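Participant: Hey, dropping work.csv in here, CSV, C-alpha atoms:
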```csv
chain,number,residue,atom,x,y,z
A,1161,MET,CA,2.4,9.3,-16.7
A,1162,PRO,CA,5.6,8.6,-14.9
A,1163,GLY,CA,8.4,6.8,-16.6
A,1164,LEU,CA,7.6,7.5,-20.2
A,1165,GLU,CA,10.1,8.8,-22.7
A,1166,SER,CA,9.4,12.3,-23.7
A,1167,SER,CA,9.6,11.3,-27.4
A,1168,TYR,CA,6.6,8.9,-27.0
A,1169,GLY,CA,3.6,10.4,-25.3
A,1170,VAL,CA,0.9,8.3,-23.9
A,1171,ASP,CA,-1.4,8.8,-26.8
A,1172,SER,CA,1.0,7.8,-29.5
A,1173,THR,CA,2.0,4.7,-27.4
A,1174,VAL,CA,-1.7,3.8,-27.0
A,1175,GLU,CA,-2.1,4.2,-30.7
A,1176,ASN,CA,0.9,1.9,-31.4
A,1177,ILE,CA,-0.7,-0.7,-29.2
A,1178,GLY,CA,-4.0,-0.3,-31.1
A,1179,ARG,CA,-2.1,-1.3,-34.3
A,1180,LEU,CA,-0.8,-4.5,-32.9
A,1181,PRO,CA,-2.3,-7.8,-33.9
A,1182,PRO,CA,-4.4,-9.0,-30.8
A,1183,ASP,CA,-2.4,-12.1,-30.2
A,1184,VAL,CA,0.9,-10.2,-30.2
A,1185,PHE,CA,-0.6,-7.7,-27.7
A,1186,ALA,CA,-1.9,-10.6,-25.5
A,1187,GLU,CA,1.5,-12.3,-25.5
A,1188,THR,CA,3.2,-9.1,-24.6
A,1189,CYS,CA,0.8,-8.6,-21.7
A,1190,GLN,CA,1.4,-12.2,-20.6
A,1191,GLN,CA,5.2,-11.6,-20.4
A,1192,ILE,CA,4.7,-8.6,-18.3
A,1193,LEU,CA,2.1,-10.3,-16.0
A,1194,ALA,CA,4.4,-13.3,-15.7
A,1195,HIS,CA,7.1,-11.0,-14.3
A,1196,LEU,CA,4.7,-9.2,-11.9
A,1197,GLN,CA,3.6,-12.6,-10.6
A,1198,GLY,CA,7.2,-13.5,-9.9
A,1199,GLN,CA,7.5,-16.1,-12.6
A,1200,SER,CA,10.5,-14.4,-14.1
A,1201,SER,CA,12.9,-11.9,-12.5
A,1202,VAL,CA,12.9,-9.6,-15.5
A,1203,VAL,CA,10.5,-8.6,-18.2
A,1204,ASP,CA,12.0,-10.5,-21.0
A,1205,LEU,CA,12.6,-7.7,-23.5
A,1206,PRO,CA,14.5,-9.8,-26.1
A,1207,LYS,CA,11.7,-12.3,-26.0
A,1208,ILE,CA,9.1,-9.6,-26.7
A,1209,CYS,CA,11.2,-8.2,-29.5
A,1210,ASP,CA,11.3,-11.7,-30.9
A,1211,ILE,CA,7.5,-12.0,-30.8
A,1212,PHE,CA,7.2,-8.7,-32.6
A,1213,GLN,CA,9.7,-9.6,-35.3
A,1214,ARG,CA,8.2,-13.0,-36.0
A,1215,ALA,CA,4.8,-11.2,-36.4
A,1216,GLY,CA,6.5,-8.9,-38.9
A,1217,ILE,CA,6.0,-5.8,-36.8
A,1218,ASP,CA,8.6,-3.2,-37.4
A,1219,LEU,CA,8.6,-0.9,-34.4
A,1220,GLU,CA,11.4,1.3,-33.2
A,1221,TRP,CA,13.1,0.1,-30.0
A,1222,LYS,CA,12.1,3.1,-28.0
A,1223,ALA,CA,8.5,2.7,-29.1
A,1224,LEU,CA,8.5,-0.8,-27.9
A,1225,GLN,CA,10.0,0.2,-24.6
A,1226,SER,CA,7.3,2.8,-24.2
A,1227,ILE,CA,4.6,0.2,-24.8
A,1228,ILE,CA,6.1,-2.1,-22.2
A,1229,ARG,CA,6.6,0.6,-19.6
A,1230,LEU,CA,3.0,1.9,-20.1
A,1231,LEU,CA,1.5,-1.5,-19.7
A,1232,SER,CA,3.8,-2.5,-16.8
A,1233,SER,CA,3.2,0.7,-14.9
A,1234,ASN,CA,-0.6,0.4,-15.3
A,1235,PHE,CA,-0.6,-3.3,-14.2
A,1236,ARG,CA,1.6,-2.5,-11.2
A,1237,THR,CA,-0.6,0.3,-10.1
A,1238,ALA,CA,-3.7,-1.9,-10.5
A,1239,ALA,CA,-2.0,-4.6,-8.5
A,1240,LYS,CA,-1.0,-2.2,-5.7
A,1241,ASN,CA,-4.5,-0.8,-5.5
A,1242,ASN,CA,-6.2,-4.1,-6.0
A,1243,LEU,CA,-8.3,-2.8,-8.9
A,1244,THR,CA,-10.9,-5.0,-10.5
A,1245,ALA,CA,-10.7,-5.5,-14.3
A,1246,ASP,CA,-13.5,-2.9,-14.7
A,1247,GLN,CA,-11.6,-0.4,-12.6
A,1248,LEU,CA,-8.4,-1.0,-14.6
A,1249,VAL,CA,-10.1,-0.5,-17.9
A,1250,ALA,CA,-11.7,2.7,-16.6
A,1251,ARG,CA,-8.4,4.0,-15.4
A,1252,LEU,CA,-6.8,3.3,-18.8
A,1253,GLY,CA,-9.6,5.3,-20.4
A,1254,GLU,CA,-8.9,8.2,-18.2
A,1255,GLY,CA,-5.3,8.2,-19.3
A,1256,SER,CA,-6.0,8.4,-22.9
A,1257,ARG,CA,-9.0,8.4,-25.2
A,1258,HIS,CA,-7.2,6.4,-27.9
A,1259,TRP,CA,-7.5,3.0,-26.4
A,1260,ALA,CA,-8.9,0.5,-29.0
A,1261,LYS,CA,-12.0,-1.4,-27.7
A,1262,ALA,CA,-10.4,-4.8,-28.7
A,1263,VAL,CA,-7.3,-3.9,-26.7
A,1264,LEU,CA,-9.3,-3.0,-23.6
A,1265,GLN,CA,-11.2,-6.3,-23.9
A,1266,VAL,CA,-7.9,-8.2,-23.9
A,1267,VAL,CA,-6.7,-6.2,-20.8
A,1268,HIS,CA,-10.0,-6.9,-19.1
A,1269,GLN,CA,-9.8,-10.6,-19.7
A,1270,LEU,CA,-6.2,-11.0,-18.6
A,1271,TRP,CA,-6.6,-8.9,-15.5
A,1272,SER,CA,-9.7,-10.8,-14.4
A,1273,GLU,CA,-7.6,-14.0,-14.7
A,1274,HIS,CA,-4.4,-12.7,-13.1
A,1275,GLY,CA,-5.2,-9.6,-11.1
A,1276,SER,CA,-5.7,-10.9,-7.6
A,1277,LEU,CA,-2.7,-13.2,-7.8
A,1278,ILE,CA,-0.5,-10.4,-8.8
A,1279,HIS,CA,-1.9,-8.2,-6.1
A,1280,THR,CA,-1.0,-10.8,-3.5
A,1281,TYR,CA,2.5,-11.4,-4.9
A,1282,GLN,CA,3.3,-7.7,-5.1
A,1283,GLU,CA,2.1,-7.1,-1.6
A,1284,ALA,CA,4.4,-9.8,-0.2
A,1285,HIS,CA,7.3,-8.3,-2.0
A,1286,ALA,CA,6.6,-4.7,-1.3
A,1287,MET,CA,8.2,-5.0,2.1
A,1288,ALA,CA,11.7,-4.3,1.0
A,1289,ASN,CA,12.9,-3.6,-2.5
A,1290,ILE,CA,14.2,-7.1,-2.8
A,1291,GLY,CA,15.9,-7.8,-6.1
A,1292,GLN,CA,17.0,-10.9,-7.8
A,1293,MET,CA,20.5,-11.5,-8.8
A,1294,VAL,CA,20.3,-12.3,-12.5
A,1295,ASP,CA,24.0,-12.7,-13.1
A,1296,MET,CA,27.3,-12.4,-11.4
A,1297,GLN,CA,30.7,-11.7,-13.1
A,1298,TRP,CA,34.0,-11.7,-11.3
A,1299,LYS,CA,37.5,-10.4,-11.8
A,1300,LEU,CA,40.6,-11.1,-9.9
A,1301,GLY,CA,42.9,-8.0,-10.1
A,1302,MET,CA,46.1,-6.8,-8.8
A,1303,ALA,CA,46.7,-3.2,-8.0
A,1304,VAL,CA,50.3,-2.9,-9.0
A,1305,SER,CA,51.2,0.7,-8.1
A,1306,SER,CA,49.6,4.0,-7.6
A,1307,ASP,CA,50.7,7.6,-7.3
A,1308,THR,CA,51.0,7.2,-3.5
A,1309,CYS,CA,52.6,3.9,-3.6
A,1310,ARG,CA,55.0,2.5,-6.2
A,1311,SER,CA,54.9,-1.0,-4.8
A,1312,LEU,CA,51.3,-1.7,-4.0
A,1313,ASN,CA,50.9,-5.3,-5.1
A,1314,SER,CA,47.5,-5.6,-3.6
A,1315,PRO,CA,45.3,-8.3,-5.0
A,1316,TYR,CA,41.5,-7.8,-5.0
A,1317,VAL,CA,38.4,-9.5,-6.2
A,1318,SER,CA,35.9,-7.4,-8.1
A,1319,LEU,CA,32.3,-8.5,-8.6
A,1320,LEU,CA,29.7,-7.2,-11.0
A,1321,LEU,CA,26.1,-8.1,-10.1
A,1322,LYS,CA,23.3,-7.8,-12.6
A,1323,VAL,CA,20.2,-7.1,-10.4
A,1324,ALA,CA,16.6,-7.0,-11.3
A,1325,ASP,CA,14.5,-5.0,-8.9
A,1326,THR,CA,10.8,-5.6,-8.1
A,1327,SER,CA,9.8,-3.5,-11.1
A,1328,GLY,CA,11.8,-5.7,-13.4
A,1329,GLU,CA,14.4,-2.9,-14.1
A,1330,VAL,CA,17.9,-4.2,-14.4
A,1331,SER,CA,20.8,-2.4,-12.7
A,1332,TYR,CA,24.4,-3.2,-12.2
A,1333,LYS,CA,26.2,-3.2,-8.9
A,1334,SER,CA,29.9,-3.6,-8.7
A,1335,PHE,CA,32.2,-3.7,-5.7
A,1336,GLU,CA,35.7,-4.7,-4.7
A,1337,MET,CA,36.9,-6.9,-1.9
A,1338,THR,CA,40.3,-7.7,-0.5
A,1339,ILE,CA,41.2,-11.4,-0.5
A,1340,PRO,CA,40.4,-11.9,3.2
A,1341,GLN,CA,37.1,-10.1,2.7
A,1342,PHE,CA,36.3,-12.3,-0.3
A,1343,GLN,CA,37.1,-15.4,1.8
A,1344,ASN,CA,34.7,-14.2,4.5
A,1345,PHE,CA,32.1,-13.5,1.8
A,1346,HIS,CA,32.6,-17.0,0.5
A,1347,SER,CA,32.2,-18.6,3.9
A,1348,GLN,CA,29.1,-16.6,4.6
A,1349,PHE,CA,27.5,-18.0,1.4
A,1350,LYS,CA,28.5,-21.5,2.5
A,1351,ASP,CA,26.6,-20.8,5.8
A,1352,ILE,CA,23.6,-19.6,3.8
A,1353,SER,CA,23.7,-22.8,1.8
A,1354,ALA,CA,23.9,-24.9,4.9
A,1355,ALA,CA,21.0,-23.0,6.4
A,1356,LEU,CA,18.9,-23.5,3.3
A,1357,GLU,CA,19.5,-27.2,3.3
A,1358,THR,CA,18.6,-27.7,7.0
A,1359,VAL,CA,15.4,-25.8,6.7
B,1038,MET,CA,74.6,6.1,23.2
B,1039,ALA,CA,70.9,6.1,22.8
B,1040,ASP,CA,69.2,8.7,25.0
B,1041,ALA,CA,65.9,7.4,26.3
B,1042,ASP,CA,64.2,10.7,25.7
B,1043,THR,CA,65.6,11.0,22.1
B,1044,VAL,CA,64.3,7.5,21.4
B,1045,LYS,CA,60.9,8.4,22.8
B,1046,SER,CA,60.7,11.6,20.8
B,1047,LEU,CA,61.8,9.9,17.6
B,1048,ASN,CA,59.2,7.1,18.1
B,1049,GLY,CA,56.6,9.8,18.7
B,1050,LEU,CA,57.6,11.7,15.7
B,1051,LEU,CA,57.4,8.7,13.4
B,1052,ASN,CA,54.1,7.7,14.9
B,1053,GLY,CA,52.7,11.1,14.4
B,1054,ILE,CA,53.8,11.2,10.8
B,1055,ALA,CA,52.0,7.8,10.2
B,1056,GLN,CA,48.9,9.1,11.9
B,1057,LYS,CA,48.7,12.1,9.7
B,1058,VAL,CA,49.9,10.7,6.3
B,1059,TYR,CA,48.4,7.3,6.4
B,1060,TYR,CA,45.7,7.1,9.1
B,1061,ASN,CA,43.9,10.3,8.2
B,1062,LYS,CA,44.3,12.0,11.5
B,1063,SER,CA,44.5,15.5,10.2
B,1064,GLU,CA,44.6,17.1,13.7
B,1065,ILE,CA,48.2,16.0,14.0
B,1066,THR,CA,50.0,19.1,12.7
B,1067,GLU,CA,53.7,19.8,12.5
B,1068,ASP,CA,53.3,22.4,15.2
B,1069,LEU,CA,51.6,20.0,17.5
B,1070,LEU,CA,54.4,17.5,17.1
B,1071,LYS,CA,57.0,20.1,17.6
B,1072,ASN,CA,55.5,21.4,20.8
B,1073,GLU,CA,54.9,18.0,22.3
B,1074,LEU,CA,58.1,16.3,21.2
B,1075,TYR,CA,60.8,18.8,20.4
B,1076,PRO,CA,60.0,22.0,22.3
B,1077,ASP,CA,63.6,22.9,22.5
B,1078,LEU,CA,64.3,22.9,18.8
B,1079,SER,CA,63.9,26.0,16.7
B,1080,PRO,CA,61.0,25.8,14.2
B,1081,GLU,CA,63.4,25.6,11.3
B,1082,GLU,CA,65.4,22.8,12.8
B,1083,PHE,CA,62.2,20.9,13.6
B,1084,HIS,CA,60.8,21.4,10.2
B,1085,ALA,CA,64.0,20.0,8.6
B,1086,LEU,CA,63.8,17.0,10.9
B,1087,HIS,CA,60.1,16.4,10.3
B,1088,GLU,CA,60.5,16.7,6.5
B,1089,LYS,CA,63.4,14.3,6.5
B,1090,MET,CA,61.7,11.7,8.5
B,1091,LYS,CA,58.5,12.1,6.5
B,1092,SER,CA,60.3,11.7,3.2
B,1093,LEU,CA,62.1,8.6,4.5
B,1094,VAL,CA,58.9,7.0,5.8
B,1095,LYS,CA,57.2,7.7,2.4
B,1096,SER,CA,60.1,6.1,0.5
B,1097,ILE,CA,60.0,3.0,2.7
B,1098,ALA,CA,56.2,2.7,2.4
B,1099,SER,CA,56.1,3.4,-1.3
B,1100,ALA,CA,58.6,0.6,-2.0
B,1101,ASP,CA,57.1,-1.7,0.6
B,1102,MET,CA,60.6,-2.6,1.7
B,1103,ASP,CA,61.3,-5.9,3.2
B,1104,GLN,CA,63.9,-6.4,5.9
B,1105,ALA,CA,66.9,-6.7,3.6
B,1106,GLN,CA,65.9,-3.7,1.5
B,1107,LEU,CA,65.2,-1.6,4.6
B,1108,GLU,CA,68.6,-2.4,6.0
B,1109,ALA,CA,70.4,-1.6,2.8
B,1110,PHE,CA,68.4,1.6,2.5
B,1111,LEU,CA,69.0,2.8,6.0
B,1112,THR,CA,72.7,1.9,5.8
B,1113,ALA,CA,73.0,4.0,2.7
B,1114,GLN,CA,71.2,6.8,4.4
B,1115,THR,CA,73.5,6.8,7.5
B,1116,ARG,CA,76.5,7.0,5.2
B,1117,LYS,CA,75.1,10.0,3.4
B,1118,GLN,CA,77.0,13.3,4.0
B,1119,GLY,CA,76.0,16.6,2.8
B,1120,GLY,CA,73.6,19.4,3.2
B,1121,SER,CA,70.5,17.6,4.5
B,1122,GLY,CA,72.8,15.3,6.5
B,1123,GLY,CA,72.5,11.6,6.8
B,1124,VAL,CA,70.5,9.7,9.2
B,1125,SER,CA,71.9,9.0,12.7
B,1126,SER,CA,72.1,5.4,13.9
B,1127,GLU,CA,69.4,6.2,16.4
B,1128,GLN,CA,67.1,7.5,13.7
B,1129,ALA,CA,67.9,4.4,11.6
B,1130,ALA,CA,67.0,2.1,14.5
B,1131,ALA,CA,63.8,4.1,15.2
B,1132,LEU,CA,62.8,3.8,11.5
B,1133,SER,CA,63.5,0.1,11.5
B,1134,ARG,CA,61.4,-0.5,14.6
B,1135,PHE,CA,58.7,1.8,13.2
B,1136,TRP,CA,58.4,0.0,9.9
B,1137,LYS,CA,58.3,-3.4,11.5
B,1138,SER,CA,55.3,-2.4,13.6
B,1139,HIS,CA,53.4,-0.2,11.1
B,1140,ARG,CA,54.1,-1.9,7.8
B,1141,ALA,CA,50.9,-3.9,7.7
B,1142,ARG,CA,48.6,-1.1,8.6
B,1143,ILE,CA,50.3,1.4,6.3
B,1144,ARG,CA,50.0,-1.0,3.4
B,1145,GLU,CA,46.3,-1.5,4.2
B,1146,SER,CA,45.9,2.2,4.2
B,1147,LEU,CA,47.7,2.7,0.9
B,1148,ALA,CA,45.7,-0.2,-0.7
B,1149,GLY,CA,42.5,1.5,0.6
B,1150,GLN,CA,43.5,4.8,-0.8
B,1151,SER,CA,43.8,3.4,-4.3
B,1152,ARG,CA,40.5,1.6,-4.1
B,1153,TRP,CA,37.9,3.7,-6.0
B,1154,GLU,CA,35.2,1.2,-6.5
B,1155,PRO,CA,32.7,0.7,-3.7
B,1156,GLY,CA,33.8,-1.9,-1.2
B,1157,LEU,CA,31.7,-4.4,0.7
B,1158,ARG,CA,31.1,-2.8,4.1
B,1159,GLY,CA,28.7,-5.4,5.4
B,1160,LEU,CA,26.7,-8.5,4.7
B,1161,SER,CA,23.8,-9.8,6.6
B,1162,TRP,CA,21.4,-12.5,5.7
B,1163,ARG,CA,18.4,-14.5,6.8
B,1164,VAL,CA,16.6,-17.5,5.6
B,1165,ASP,CA,12.8,-17.4,5.2
B,1166,LEU,CA,10.5,-20.3,4.8
B,1167,GLN,CA,7.5,-19.9,2.5
B,1168,THR,CA,4.6,-21.4,4.6
B,1169,ALA,CA,1.7,-20.8,2.2
B,1170,SER,CA,1.1,-19.6,-1.2
B,1171,SER,CA,-2.0,-18.4,-2.9
B,1172,ARG,CA,-1.1,-20.3,-6.0
B,1173,GLY,CA,-1.0,-23.6,-4.2
B,1174,GLU,CA,2.7,-24.1,-4.8
B,1175,PRO,CA,4.3,-26.7,-2.5
B,1176,SER,CA,5.1,-24.9,0.7
B,1177,GLY,CA,8.4,-25.2,2.5
B,1178,ASN,CA,10.4,-23.4,-0.1
B,1179,ALA,CA,13.3,-21.9,1.7
B,1180,VAL,CA,14.6,-18.6,0.4
B,1181,ALA,CA,17.6,-16.6,1.6
B,1182,LEU,CA,17.6,-12.8,1.8
B,1183,VAL,CA,21.0,-11.3,1.6
B,1184,GLU,CA,21.7,-7.6,2.3
B,1185,LEU,CA,24.9,-6.2,1.0
B,1186,GLU,CA,26.1,-2.9,2.2
B,1187,LEU,CA,28.3,-1.2,-0.4
B,1188,GLY,CA,30.2,2.0,-0.2
B,1189,ARG,CA,33.5,3.8,-0.5
B,1190,GLN,CA,35.9,2.9,2.3
B,1191,GLY,CA,36.9,5.7,4.5
B,1192,GLU,CA,39.2,5.5,7.5
B,1193,VAL,CA,38.5,7.6,10.4
B,1194,VAL,CA,40.7,7.3,13.5
B,1195,ILE,CA,38.8,7.6,16.8
B,1196,GLN,CA,40.2,10.4,18.9
B,1197,HIS,CA,42.8,9.2,21.3
B,1198,CYS,CA,44.5,11.4,23.9
B,1199,PHE,CA,47.8,12.5,22.6
B,1200,CYS,CA,50.0,10.5,25.0
B,1201,ASP,CA,49.0,7.4,23.0
B,1202,ILE,CA,51.0,8.7,20.1
B,1203,ILE,CA,54.2,8.6,22.1
B,1204,SER,CA,53.7,5.4,23.9
B,1205,THR,CA,51.8,3.1,21.6
B,1206,SER,CA,50.4,3.2,18.2
B,1207,SER,CA,46.6,3.5,18.2
B,1208,LEU,CA,44.8,1.2,15.8
B,1209,PRO,CA,43.0,3.1,13.0
B,1210,VAL,CA,39.4,2.2,13.0
B,1211,CYS,CA,37.5,1.8,9.7
B,1212,THR,CA,34.2,3.6,9.7
B,1213,SER,CA,31.9,4.7,7.0
B,1214,THR,CA,32.4,8.2,5.7
B,1215,SER,CA,30.0,8.1,2.8
B,1216,ASP,CA,26.5,6.9,2.4
B,1217,SER,CA,26.1,3.2,2.0
B,1218,ASP,CA,24.2,1.6,-0.8
B,1219,PHE,CA,22.1,-1.3,0.5
B,1220,VAL,CA,21.4,-4.0,-2.0
B,1221,CYS,CA,18.9,-6.6,-0.9
B,1222,LEU,CA,18.7,-9.8,-2.9
B,1223,GLU,CA,16.7,-13.0,-2.8
B,1224,PHE,CA,18.3,-16.4,-3.4
B,1225,ASP,CA,16.9,-19.8,-3.6
B,1226,GLU,CA,19.0,-22.9,-3.1
B,1227,GLY,CA,19.8,-23.1,-6.8
B,1228,LYS,CA,21.0,-19.6,-7.0
B,1229,VAL,CA,23.1,-20.0,-3.9
B,1230,ASN,CA,24.8,-23.0,-5.5
B,1231,GLN,CA,25.4,-21.0,-8.6
B,1232,VAL,CA,27.1,-18.3,-6.6
B,1233,LEU,CA,29.1,-20.8,-4.6
B,1234,LYS,CA,30.3,-22.4,-7.9
B,1235,LYS,CA,31.6,-19.0,-9.1
B,1236,MET,CA,33.3,-18.4,-5.7
B,1237,ALA,CA,35.1,-21.7,-6.0
B,1238,GLU,CA,36.4,-20.5,-9.4
B,1239,ILE,CA,37.6,-17.3,-7.8
B,1240,GLN,CA,39.3,-19.2,-5.0
B,1241,GLU,CA,41.0,-21.4,-7.6
B,1242,SER,CA,42.2,-18.4,-9.4
B,1243,ILE,CA,43.6,-16.9,-6.2
B,1244,ASP,CA,45.3,-20.2,-5.3
B,1245,SER,CA,47.0,-20.4,-8.7
B,1246,ILE,CA,48.4,-16.9,-8.4
B,1247,VAL,CA,49.6,-17.6,-4.8
B,1248,ASN,CA,51.3,-20.8,-6.0
B,1249,LYS,CA,53.0,-19.1,-8.9
B,1250,SER,CA,54.5,-16.3,-6.7
```
So that I can check it, write out the structure of this file as structure tokens.
Facilitator:
Amino acid sequence: MPGLESSYGVDSTVENIGRLPPDVFAETCQQILAHLQGQSSVVDLPKICDIFQRAGIDLEWKALQSIIRLLSSNFRTAAKNNLTADQLVARLGEGSRHWAKAVLQVVHQLWSEHGSLIHTYQEAHAMANIGQMVDMQWKLGMAVSSDTCRSLNSPYVSLLLKVADTSGEVSYKSFEMTIPQFQNFHSQFKDISAALETV
Amino acid sequence: MADADTVKSLNGLLNGIAQKVYYNKSEITEDLLKNELYPDLSPEEFHALHEKMKSLVKSIASADMDQAQLEAFLTAQTRKQGGSGGVSSEQAAALSRFWKSHRARIRESLAGQSRWEPGLRGLSWRVDLQTASSRGEPSGNAVALVELELGRQGEVVIQHCFCDIISTSSLPVCTSTSDSDFVCLEFDEGKVNQVLKKMAEIQESIDSIVNKS
């Protein structure tokens, strides 16, 4: 299975899932499905951690990540291929023989409810890898001098964007702008704002 | 008495130095400059002249001299005696003219050289209108798609015929030299307003620095 840590194989992850209380498992799935449906820009890892802690489950961080990745990857594939709940459950069974019946029942129920909506949403967003900007930090700096120029005195604006891509993975993009570039950037966003308002 | 040819050659030499050192035109070699501008000088004589002019240009650029500093610097150079010789008044005049016309571009080049983070190469956007939704959400939600092109800045000068170097200074053209990273982001009105708010903060910060200095 792609995207799994080598330290946690599919079987051990599936076994971990089997040991979870059913409501915790259901809530975890809900978080993931909410993200796939576009209701949140990221899979809320801290929130899921919280759910686990409140239920008194002590699971290593990496194990938790493996669970989320496994579920997320399967749901996404199911959405992409427009699988029915039966087909999804069958696919899970092919991946590992260790799935608990109760777990599969929860998956079946949730997918029956949300599957087609997620399929539609994912299709619409599959066109380009459109991300969501989760956060933006800025810095105004001044390059004072360098080895090629002792008197540089060049101000610049540096931005750090926290971006969540369509799979919910977060990445950081940073870049620099000169002051005139920044002002152009600013004025373009003003244009965007005006365009959004008039639509 | 300023000889028209001497002035022309000097201008060409300084121009050529700028092209090579600051505008990344690596085809401009010392030999090329000598053959075009000072064919009558011996290689050693030309080399000495070239090095002296290059070193002066670098000092002026590195200190980003203003008018007063430049005058003081050139005056000191013309008074210099000794092995490497001072700077003639023609050369000083040529340097002064050169710096006036090239200062901004050279500074931009130096600032660009010290920029190691990716820069913003381009920004394009469009606004989409959501016309229908399977979940029965109210339609008519406008969404902006913004594509940022990020990458390391590289300056590549378009090939000009050599006579341009003597007569005018060709403008360096900024083109991409490394692969761009395209980041496509979706913004709704709320998000755009958040971004605008931050930008206003940045602008405030810029203004306060400008006012201080």
Participant: One number please: atom CA of Ser1327 of chain A to atom CA of Gln1292 of chain A, in Å, one decimal.
Facilitator: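 Atom CA of Gln1292 of chain A lies at a distance of 10.8 Å from atom CA of Ser1327 of chain A.
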Participant: Could you write out as number ranges by chain the residues of chain B within 7 Å of chain A, counting all atoms listed in the file?
Facilitator: B: 1099-1101, 1147-1148, 1151, 1154-1157, 1164, 1179, 1221-1223, 1226, 1229, 1233, 1236
Participant: Just the selected residues (C-alpha atoms), exported as a compact mmCIF listing (two decimals), in the coordinates of the input, please.
Facilitator:
```txt
# COMPACT_ATOMS: atom_id res chain seq x y z
CA SER B 1099 56.10 3.40 -1.30
CA ALA B 1100 58.60 0.60 -2.00
CA ASP B 1101 57.10 -1.70 0.60
CA LEU B 1147 47.70 2.70 0.90
CA ALA B 1148 45.70 -0.20 -0.70
CA SER B 1151 43.80 3.40 -4.30
CA GLU B 1154 35.20 1.20 -6.50
CA PRO B 1155 32.70 0.70 -3.70
CA GLY B 1156 33.80 -1.90 -1.20
CA LEU B 1157 31.70 -4.40 0.70
CA VAL B 1164 16.60 -17.50 5.60
CA ALA B 1179 13.30 -21.90 1.70
CA CYS B 1221 18.90 -6.60 -0.90
CA LEU B 1222 18.70 -9.80 -2.90
CA GLU B 1223 16.70 -13.00 -2.80
CA GLU B 1226 19.00 -22.90 -3.10
CA VAL B 1229 23.10 -20.00 -3.90
CA LEU B 1233 29.10 -20.80 -4.60
CA MET B 1236 33.30 -18.40 -5.70
```
Participant: Please compute the atom CA of Ala1239 of chain A-atom CA of Gly1275 of chain A distance, one decimal, in Å.
Facilitator: 6.5 Å
Participant: Would you kindly identify which residues have an atom no farther than 12 Å from (-9.0, -9.8, -24.4), using all atoms listed in the file and the file's own coordinates, and write them out as an mmCIF file with C-alpha atoms, in the coordinates of the input?
Facilitator:
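Saved as result.cif:
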```cif
data_model
loop_
_atom_site.group_PDB
_atom_site.id
_atom_site.type_symbol
_atom_site.label_atom_id
_atom_site.label_comp_id
_atom_site.auth_asym_id
_atom_site.auth_seq_id
_atom_site.Cartn_x
_atom_site.Cartn_y
_atom_site.Cartn_z
ATOM 1 C CA PRO A 1181 -2.300 -7.800 -33.900
ATOM 2 C CA PRO A 1182 -4.400 -9.000 -30.800
ATOM 3 C CA ASP A 1183 -2.400 -12.100 -30.200
ATOM 4 C CA VAL A 1184 0.900 -10.200 -30.200
ATOM 5 C CA PHE A 1185 -0.600 -7.700 -27.700
ATOM 6 C CA ALA A 1186 -1.900 -10.600 -25.500
ATOM 7 C CA GLU A 1187 1.500 -12.300 -25.500
ATOM 8 C CA CYS A 1189 0.800 -8.600 -21.700
ATOM 9 C CA GLN A 1190 1.400 -12.200 -20.600
ATOM 10 C CA ALA A 1245 -10.700 -5.500 -14.300
ATOM 11 C CA VAL A 1249 -10.100 -0.500 -17.900
ATOM 12 C CA ALA A 1260 -8.900 0.500 -29.000
ATOM 13 C CA LYS A 1261 -12.000 -1.400 -27.700
ATOM 14 C CA ALA A 1262 -10.400 -4.800 -28.700
ATOM 15 C CA VAL A 1263 -7.300 -3.900 -26.700
ATOM 16 C CA LEU A 1264 -9.300 -3.000 -23.600
ATOM 17 C CA GLN A 1265 -11.200 -6.300 -23.900
ATOM 18 C CA VAL A 1266 -7.900 -8.200 -23.900
ATOM 19 C CA VAL A 1267 -6.700 -6.200 -20.800
ATOM 20 C CA HIS A 1268 -10.000 -6.900 -19.100
ATOM 21 C CA GLN A 1269 -9.800 -10.600 -19.700
ATOM 22 C CA LEU A 1270 -6.200 -11.000 -18.600
ATOM 23 C CA TRP A 1271 -6.600 -8.900 -15.500
ATOM 24 C CA SER A 1272 -9.700 -10.800 -14.400
ATOM 25 C CA GLU A 1273 -7.600 -14.000 -14.700
#
```
Participant: Can you tell me how far atom CA of Asn1061 of chain B sits from atom CA of Arg1144 of chain B, in Å to one decimal?
Facilitator: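 Those two atoms sit 13.7 Å apart.
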Participant: Which protein, DNA or RNA residues are at most 10 Å from (51.1, 9.4, 12.1) in the file's coordinates when you count all atoms listed in the file, listed as a list in words?
Facilitator: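 Residues lying no farther than 10 Å from the given point: Gly1049, Leu1050, Leu1051, Asn1052, Gly1053, Ile1054, Ala1055, Gln1056, Lys1057, Val1058, Tyr1059, Tyr1060, Asn1061, Lys1062, Ser1063, Ile1065, Thr1066, Lys1091, His1139, Ile1143, Ile1202, Ser1206 and Ser1207 of chain B.
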Participant: Between B:Thr1112, B:Gln1128, B:Ser1096, B:Gln1104, which one has atoms that come closest to Thr1043 of chain B, using all atoms listed in the file?
Facilitator: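 Ranked by minimum distance to Thr1043 of chain B, first place goes to B:Gln1128.
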Participant: For Lys1322 of chain A, which residue out of B:Val1220, B:Ala1237, B:Leu1166, B:Ala1113 is the nearest one, using only C-alpha atoms?
Facilitator: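 Closest candidate: B:Val1220.
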Participant: For Leu1086 of chain B, find every residue with an atom within 12 Å (counting all atoms listed in the file), except residues of its own chain fewer than 6 positions away, and show them as a PyMOL selection string.
Facilitator: chain B and resi 1046-1047+1050-1051+1054+1067+1070-1071+1074-1075+1078-1080+1092-1093+1121-1125+1128
